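Text of input_25.txt (compact mmCIF, C-alpha atoms) as supplied:
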# COMPACT_ATOMS: atom_id res chain seq x y z
CA MET A 17 -3.07 77.48 92.18
CA GLU A 18 -5.33 74.45 92.14
CA ILE A 19 -7.48 73.88 89.05
CA LEU A 20 -10.16 71.22 88.54
CA VAL A 21 -11.38 70.33 85.06
CA CYS A 22 -14.66 68.44 84.62
CA VAL A 23 -14.59 66.22 81.53
CA LYS A 24 -17.06 63.84 79.94
CA GLN A 25 -16.92 60.84 77.64
CA VAL A 26 -19.60 61.26 74.97
CA PRO A 27 -20.78 59.26 71.94
CA ASP A 28 -19.47 60.55 68.65
CA THR A 29 -22.55 62.44 67.46
CA ALA A 30 -21.50 62.00 63.83
CA GLU A 31 -22.18 58.28 64.29
CA VAL A 32 -25.35 58.46 66.41
CA LYS A 33 -28.59 57.06 64.99
CA ILE A 34 -32.16 57.07 66.31
CA ASP A 35 -34.28 53.92 66.65
CA PRO A 36 -37.33 54.72 64.47
CA VAL A 37 -39.64 52.58 66.61
CA LYS A 38 -38.46 53.19 70.17
CA HIS A 39 -37.32 56.78 69.46
CA THR A 40 -34.18 56.24 71.53
CA VAL A 41 -30.51 56.80 70.75
CA ILE A 42 -28.79 53.68 69.36
CA ARG A 43 -25.50 53.55 71.28
CA ALA A 44 -24.40 50.06 70.24
CA GLY A 45 -21.32 50.25 68.07
CA VAL A 46 -21.04 54.04 68.46
CA PRO A 47 -17.48 55.12 69.38
CA ASN A 48 -17.00 57.28 72.48
CA ILE A 49 -14.82 60.40 72.40
CA PHE A 50 -13.52 63.15 74.68
CA ASN A 51 -16.15 65.90 74.73
CA PRO A 52 -14.58 68.58 72.46
CA PHE A 53 -15.50 71.61 74.61
CA ASP A 54 -13.99 69.88 77.65
CA GLN A 55 -10.74 69.60 75.70
CA ASN A 56 -10.75 73.39 75.36
CA ALA A 57 -11.30 73.67 79.12
CA LEU A 58 -8.41 71.27 79.77
CA GLU A 59 -6.11 73.12 77.39
CA ALA A 60 -6.83 76.38 79.26
CA ALA A 61 -5.88 74.66 82.53
CA LEU A 62 -2.71 73.19 81.01
CA GLN A 63 -1.64 76.61 79.71
CA LEU A 64 -2.01 77.95 83.26
CA LYS A 65 0.08 75.01 84.45
CA ASP A 66 2.77 75.77 81.86
CA ASN A 67 2.84 79.51 82.56
CA GLN A 68 2.01 79.79 86.25
CA GLY A 69 2.74 76.38 87.75
CA ALA A 70 -0.87 75.43 88.44
CA LYS A 71 -1.84 71.91 89.51
CA VAL A 72 -4.47 70.34 87.22
CA THR A 73 -6.92 67.70 88.44
CA LEU A 74 -9.50 65.93 86.25
CA LEU A 75 -12.95 64.77 87.34
CA SER A 76 -15.49 62.77 85.37
CA MET A 77 -18.78 61.05 86.10
CA GLY A 78 -19.77 57.97 84.15
CA PRO A 79 -19.25 54.22 83.70
CA PRO A 80 -15.80 52.66 84.23
CA GLN A 81 -14.91 53.08 80.55
CA ALA A 82 -14.95 56.85 81.11
CA LYS A 83 -11.42 56.33 82.43
CA ASP A 84 -10.36 56.38 78.77
CA VAL A 85 -10.90 60.14 78.51
CA LEU A 86 -9.31 60.69 81.91
CA ARG A 87 -6.20 58.86 80.72
CA GLU A 88 -6.23 60.95 77.55
CA GLY A 89 -6.34 64.05 79.75
CA LEU A 90 -3.43 62.74 81.84
CA ALA A 91 -1.51 62.08 78.64
CA MET A 92 -2.11 65.71 77.62
CA GLY A 93 -0.52 66.88 80.87
CA ALA A 94 -3.01 66.80 83.75
CA ASP A 95 -1.60 65.81 87.16
CA GLU A 96 -4.38 63.69 88.67
CA ALA A 97 -7.75 62.20 87.75
CA TYR A 98 -10.82 60.90 89.60
CA LEU A 99 -13.92 59.09 88.38
CA LEU A 100 -17.33 59.22 90.03
CA THR A 101 -18.93 55.94 88.99
CA ASP A 102 -21.92 54.27 90.60
CA ARG A 103 -25.13 52.67 89.37
CA LYS A 104 -26.98 54.93 91.78
CA VAL A 105 -26.13 57.97 89.64
CA GLY A 106 -27.23 56.32 86.39
CA GLY A 107 -29.98 58.19 84.56
CA SER A 108 -29.20 61.50 86.25
CA ASP A 109 -30.42 64.58 84.37
CA THR A 110 -28.48 67.85 84.39
CA LEU A 111 -29.84 68.86 87.81
CA ALA A 112 -28.82 65.58 89.43
CA THR A 113 -25.52 65.47 87.53
CA GLY A 114 -24.60 68.98 88.68
CA TYR A 115 -25.36 68.01 92.28
CA CYS A 116 -23.33 64.77 92.04
CA LEU A 117 -20.33 66.51 90.52
CA ALA A 118 -20.45 69.31 93.09
CA GLN A 119 -20.35 66.70 95.85
CA ALA A 120 -17.46 65.00 94.07
CA VAL A 121 -15.59 68.31 93.74
CA LYS A 122 -15.74 68.76 97.52
CA LYS A 123 -14.60 65.18 98.09
CA VAL A 124 -11.65 65.49 95.70
CA ALA A 125 -10.58 68.72 97.39
CA GLU A 126 -10.70 66.88 100.72
CA LEU A 127 -8.61 64.01 99.32
CA LYS A 128 -6.03 66.49 98.05
CA GLY A 129 -5.87 68.21 101.43
CA ILE A 130 -7.07 71.60 100.18
CA GLU A 131 -10.04 73.68 101.25
CA GLN A 132 -11.32 74.26 97.72
CA PHE A 133 -10.19 74.61 94.12
CA ASP A 134 -9.26 78.10 92.92
CA ILE A 135 -10.68 77.55 89.43
CA ILE A 136 -13.08 74.93 88.07
CA LEU A 137 -13.14 74.64 84.28
CA CYS A 138 -15.83 72.92 82.19
CA GLY A 139 -16.68 72.84 78.52
CA LYS A 140 -19.64 75.08 77.69
CA GLN A 141 -21.72 71.96 76.98
CA ALA A 142 -21.55 68.26 76.11
CA ILE A 143 -22.21 67.45 72.47
CA ASP A 144 -24.58 64.59 73.36
CA GLY A 145 -27.01 66.85 75.25
CA ASP A 146 -26.19 70.45 74.29
CA THR A 147 -27.87 71.78 77.44
CA ALA A 148 -24.98 73.94 78.78
CA GLN A 149 -26.48 73.48 82.24
CA VAL A 150 -24.11 71.23 84.18
CA GLY A 151 -21.24 73.71 84.63
CA PRO A 152 -23.49 76.49 85.97
CA GLN A 153 -25.33 73.92 88.12
CA ILE A 154 -22.05 72.86 89.76
CA ALA A 155 -21.30 76.51 90.56
CA CYS A 156 -24.75 76.97 92.08
CA GLU A 157 -24.37 73.87 94.22
CA LEU A 158 -20.95 75.03 95.44
CA GLY A 159 -22.11 78.62 95.97
CA ILE A 160 -19.32 80.14 93.87
CA PRO A 161 -19.31 82.67 90.97
CA GLN A 162 -19.60 81.40 87.41
CA ILE A 163 -18.46 82.89 84.11
CA THR A 164 -19.78 81.12 81.02
CA TYR A 165 -18.70 81.05 77.34
CA ALA A 166 -15.08 82.04 77.95
CA ALA A 167 -13.20 82.96 74.76
CA ALA A 168 -10.13 84.25 76.66
CA ILE A 169 -8.97 83.91 80.26
CA GLU A 170 -6.50 86.10 82.13
CA VAL A 171 -5.53 84.99 85.64
CA ASN A 172 -3.96 87.18 88.32
CA GLU A 173 -2.74 84.65 90.86
CA GLU A 174 -1.47 87.28 93.31
CA ALA A 175 -4.83 89.05 93.41
CA LYS A 176 -6.61 85.68 93.23
CA CYS A 177 -8.95 86.78 90.47
CA VAL A 178 -9.69 86.16 86.80
CA LYS A 179 -10.68 88.36 83.88
CA VAL A 180 -12.66 86.58 81.18
CA LYS A 181 -13.60 87.63 77.65
CA GLN A 182 -17.13 86.26 77.60
CA GLN A 183 -18.77 85.40 74.29
CA ASN A 184 -22.40 86.33 73.66
CA GLU A 185 -24.73 86.73 70.68
CA GLU A 186 -23.77 90.36 70.07
CA GLY A 187 -20.01 90.13 70.63
CA TYR A 188 -18.02 89.98 73.85
CA ILE A 189 -18.14 91.32 77.39
CA ILE A 190 -15.32 91.39 79.95
CA THR A 191 -16.20 89.82 83.30
CA GLU A 192 -14.05 89.62 86.42
CA ALA A 193 -14.41 87.38 89.46
CA ASN A 194 -12.42 86.39 92.52
CA PHE A 195 -11.34 82.85 93.38
CA PRO A 196 -13.01 80.39 93.69
CA VAL A 197 -14.75 80.63 90.33
CA LEU A 198 -16.20 78.24 87.73
CA ILE A 199 -15.58 79.00 84.04
CA THR A 200 -17.05 77.29 80.97
CA ALA A 201 -15.07 77.24 77.73
CA VAL A 202 -16.01 77.73 74.08
CA LYS A 203 -13.94 76.38 71.17
CA GLU A 204 -12.58 79.86 70.35
CA LEU A 205 -10.68 79.82 73.65
CA ASN A 206 -7.77 77.78 72.28
CA GLU A 207 -6.58 74.86 70.17
CA PRO A 208 -6.25 71.74 72.37
CA ARG A 209 -2.86 70.02 72.28
CA PHE A 210 -2.38 66.38 71.34
CA PRO A 211 -1.34 63.78 73.91
CA THR A 212 2.32 62.90 73.69
CA ILE A 213 3.50 59.32 73.13
CA ARG A 214 5.42 59.41 76.41
CA GLY A 215 2.40 60.87 78.21
CA THR A 216 0.13 58.22 76.74
CA MET A 217 2.39 55.39 77.89
CA LYS A 218 2.59 56.84 81.42
CA ALA A 219 -1.18 57.43 81.55
CA LYS A 220 -1.86 53.77 80.72
CA ARG A 221 -0.08 52.76 83.90
CA ARG A 222 -1.79 55.31 86.14
CA GLU A 223 -4.34 54.17 88.69
CA ILE A 224 -7.45 56.34 88.56
CA PRO A 225 -9.33 56.41 91.89
CA GLU A 226 -13.05 55.65 91.73
CA LEU A 227 -15.59 57.44 93.90
CA SER A 228 -19.07 56.13 94.71
CA ALA A 229 -22.21 58.05 95.60
CA ASP A 230 -21.60 57.11 99.23
CA ASP A 231 -17.98 58.33 99.04
CA VAL A 232 -19.12 61.81 98.01
CA LYS A 233 -22.00 61.77 100.53
CA ALA A 234 -24.64 62.24 97.85
CA ASP A 235 -28.26 62.41 98.98
CA GLU A 236 -29.91 59.48 97.16
CA THR A 237 -33.14 61.47 96.71
CA LYS A 238 -31.20 63.93 94.52
CA ILE A 239 -29.42 61.53 92.18
CA GLY A 240 -30.26 59.03 89.45
CA LEU A 241 -33.69 58.76 87.89
CA ASN A 242 -35.48 59.43 91.18
CA GLY A 243 -33.63 62.71 91.63
CA SER A 244 -34.16 63.84 88.04
CA PRO A 245 -37.24 65.97 87.34
CA THR A 246 -36.47 66.08 83.61
CA LYS A 247 -38.28 63.37 81.62
CA VAL A 248 -37.44 62.72 77.96
CA ARG A 249 -40.65 61.73 76.21
CA LYS A 250 -39.35 61.35 72.68
CA ILE A 251 -36.17 61.59 70.62
CA PHE A 252 -36.41 61.82 66.86
CA THR A 253 -34.41 62.71 63.79
CA PRO A 254 -35.67 65.90 62.09
CA PRO A 255 -37.26 65.20 58.68
CA GLN A 256 -34.87 65.64 55.80
CA ARG A 257 -35.43 68.81 53.84
CA THR A 258 -36.43 68.36 50.21
CA GLN A 259 -34.39 69.96 47.47
CA GLY A 260 -35.50 73.52 46.80
CA LEU A 261 -36.56 74.76 43.37
CA ILE A 262 -33.86 76.47 41.34
CA ILE A 263 -35.06 78.89 38.68
CA PRO A 264 -32.27 79.61 36.19
CA VAL A 265 -31.80 83.05 34.67
CA GLU A 266 -31.45 82.74 30.91
CA ASP A 267 -29.86 85.40 28.71
CA ASP A 268 -29.73 87.81 31.67
CA ASN A 269 -33.54 87.91 31.60
CA ASP A 270 -34.19 88.54 35.29
CA GLN A 271 -37.81 89.45 34.73
CA ALA A 272 -38.65 86.06 33.22
CA ALA A 273 -37.18 84.34 36.27
CA VAL A 274 -39.19 86.63 38.58
CA ASP A 275 -42.39 85.89 36.64
CA THR A 276 -41.75 82.15 36.92
CA LEU A 277 -41.15 82.47 40.66
CA MET A 278 -44.38 84.42 41.14
CA GLU A 279 -46.32 81.77 39.20
CA LYS A 280 -44.90 79.00 41.37
CA LEU A 281 -45.64 80.84 44.63
CA THR A 282 -49.18 81.65 43.47
CA ALA A 283 -49.83 78.03 42.43
CA GLN A 284 -48.71 76.85 45.88
CA LYS A 285 -50.98 79.53 47.46
CA ILE A 286 -47.97 80.97 49.30
CA ILE A 287 -48.90 84.41 48.03

Translate this file's structure into structure tokens.
Amino acid sequence: MEILVCVKQVPDTAEVKIDPVKHTVIRAGVPNIFNPFDQNALEAALQLKDNQGAKVTLLSMGPPQAKDVLREGLAMGADEAYLLTDRKVGGSDTLATGYCLAQAVKKVAELKGIEQFDIILCGKQAIDGDTAQVGPQIACELGIPQITYAAAIEVNEEAKCVKVKQQNEEGYIITEANFPVLITAVKELNEPRFPTIRGTMKAKRREIPELSADDVKADETKIGLNGSPTKVRKIFTPPQRTQGLIIPVEDDNDQAAVDTLMEKLTAQKII
């Protein structure tokens, strides 16, 4: 069973600040981390490797420093890793990114000498964009089924199918699909393992192949800023909420507190 996991290096959103004049994200000095939902996707793949002997390949798209998260993934137990990096793909929105990654998926399969991957795993979303669009976009570009928000995955390798407990707003639904299939993971799926010291040392010495837009035969009209119909007009920090009014209840006199509340609401012309 061949599994591909798409991972992304993202800025630590706890450290992100917004330029109040330019209304852009200030990335200088902000540490980059392994997208947390992608770690859940990788852990699911590694469990299938442990239990069913699957081969796990990593794929990322980004600048050369994105190799850091690929090495972290190798240290956790992945078998191979590839990076799609090219100035031509810079500025790609989710539509262009999904197309680029789909092209890269096909190229990596070709390099590995397989027709296609049985399972592609992605995190449900990246914490720097929160769109949850790239995984499904990859599936659309490849023309394969997709199952999103996976909270549990059961694989039947003989039947070449998966059964997924799919999270939604009202609970869960069970969805089945045949290989090949793309699945996106939520944090409830598992608890990602830590890289081992031995794995980390080995990963530091691993060569990670780089792929360009030309290598994956990407149509230049569909990538980068020119291939991105989404335009971000403004980014801003939501205004901080002011402290609400607390009306204490004295001597168990609920009515007095209610009367005070009604006076305040009337004075503010809320009622």

Shell of 10 Å around Phe133 in chain A, only C-alpha atoms, local chain residues under 3 positions omitted, as a list in words: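 Counting only the stated atoms, we get Met17, Glu18, Ile19, Leu20, Lys71, Val72, Thr73, Val121, Lys122, Val124, Ala125, Lys128, Ile130, Ile136, Phe195, Pro196, Val197 and Leu198 of chain A.
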
If you take every atom of range 168-172 of chain A that the file lists and fit an axis-aligned box around them with 4 Å extra on each side, what centre and edge lengths come out in Å to one decimal, as AutoDock Vina command-line options?
--center_x -7.0 --center_y 85.5 --center_z 82.5 --size_x 14.2 --size_y 11.3 --size_z 19.7

Could you state the separation of CA of Ala193 in chain A and CA of Val178 in chain A in Å, given to one decimal place? 5.6 Å

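Taking all atoms listed in the file into account, Asp235 in chain A lies nearest to A:Gln119 out of the set A:Thr212, A:Gln162, A:Gln119, A:Gln55.
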
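With distances taken over all atoms listed in the file, A:Ile135 is the one residue among A:Ile135, A:Ile190, A:Cys116, A:Ile163 lying closest to Val21 in chain A.
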
Need to verify the contact set: Thr191 in chain A, 10 Å, all atoms listed in the file, exclusion of same-chain residues closer than 4 positions in sequence. Can you return it as a ChimeraX atom specification? /A:162-164,166,169,178-182

Atoms added to range 168-183 of chain A (N, CA and C atoms), reported as a compact mmCIF listing (two decimals), keeping the file's coordinate frame:
# COMPACT_ATOMS: atom_id res chain seq x y z
N ALA A 168 -11.49 83.91 76.23
CA ALA A 168 -10.13 84.25 76.66
C ALA A 168 -10.14 84.36 78.17
N ILE A 169 -9.06 83.91 78.80
CA ILE A 169 -8.97 83.91 80.26
C ILE A 169 -7.63 84.52 80.67
N GLU A 170 -7.70 85.48 81.57
CA GLU A 170 -6.50 86.10 82.13
C GLU A 170 -6.55 85.94 83.64
N VAL A 171 -5.54 85.29 84.21
CA VAL A 171 -5.53 84.99 85.64
C VAL A 171 -4.48 85.83 86.36
N ASN A 172 -4.88 86.47 87.44
CA ASN A 172 -3.96 87.18 88.32
C ASN A 172 -3.88 86.38 89.61
N GLU A 173 -2.83 85.55 89.71
CA GLU A 173 -2.74 84.65 90.86
C GLU A 173 -2.50 85.41 92.16
N GLU A 174 -1.74 86.51 92.09
CA GLU A 174 -1.47 87.28 93.31
C GLU A 174 -2.75 87.89 93.87
N ALA A 175 -3.57 88.44 92.97
CA ALA A 175 -4.83 89.05 93.41
C ALA A 175 -5.94 88.01 93.57
N LYS A 176 -5.64 86.77 93.17
CA LYS A 176 -6.61 85.68 93.23
C LYS A 176 -7.92 86.05 92.53
N CYS A 177 -7.78 86.42 91.26
CA CYS A 177 -8.95 86.78 90.47
C CYS A 177 -8.71 86.44 89.00
N VAL A 178 -9.78 86.42 88.23
CA VAL A 178 -9.69 86.16 86.80
C VAL A 178 -10.44 87.24 86.03
N LYS A 179 -9.98 87.48 84.82
CA LYS A 179 -10.68 88.36 83.88
C LYS A 179 -10.98 87.53 82.64
N VAL A 180 -12.24 87.47 82.27
CA VAL A 180 -12.66 86.58 81.18
C VAL A 180 -13.33 87.38 80.06
N LYS A 181 -12.92 87.11 78.84
CA LYS A 181 -13.60 87.63 77.65
C LYS A 181 -14.74 86.68 77.35
N GLN A 182 -15.96 87.14 77.61
CA GLN A 182 -17.13 86.26 77.60
C GLN A 182 -17.91 86.45 76.31
N GLN A 183 -18.08 85.36 75.58
CA GLN A 183 -18.77 85.40 74.29
C GLN A 183 -20.27 85.48 74.48
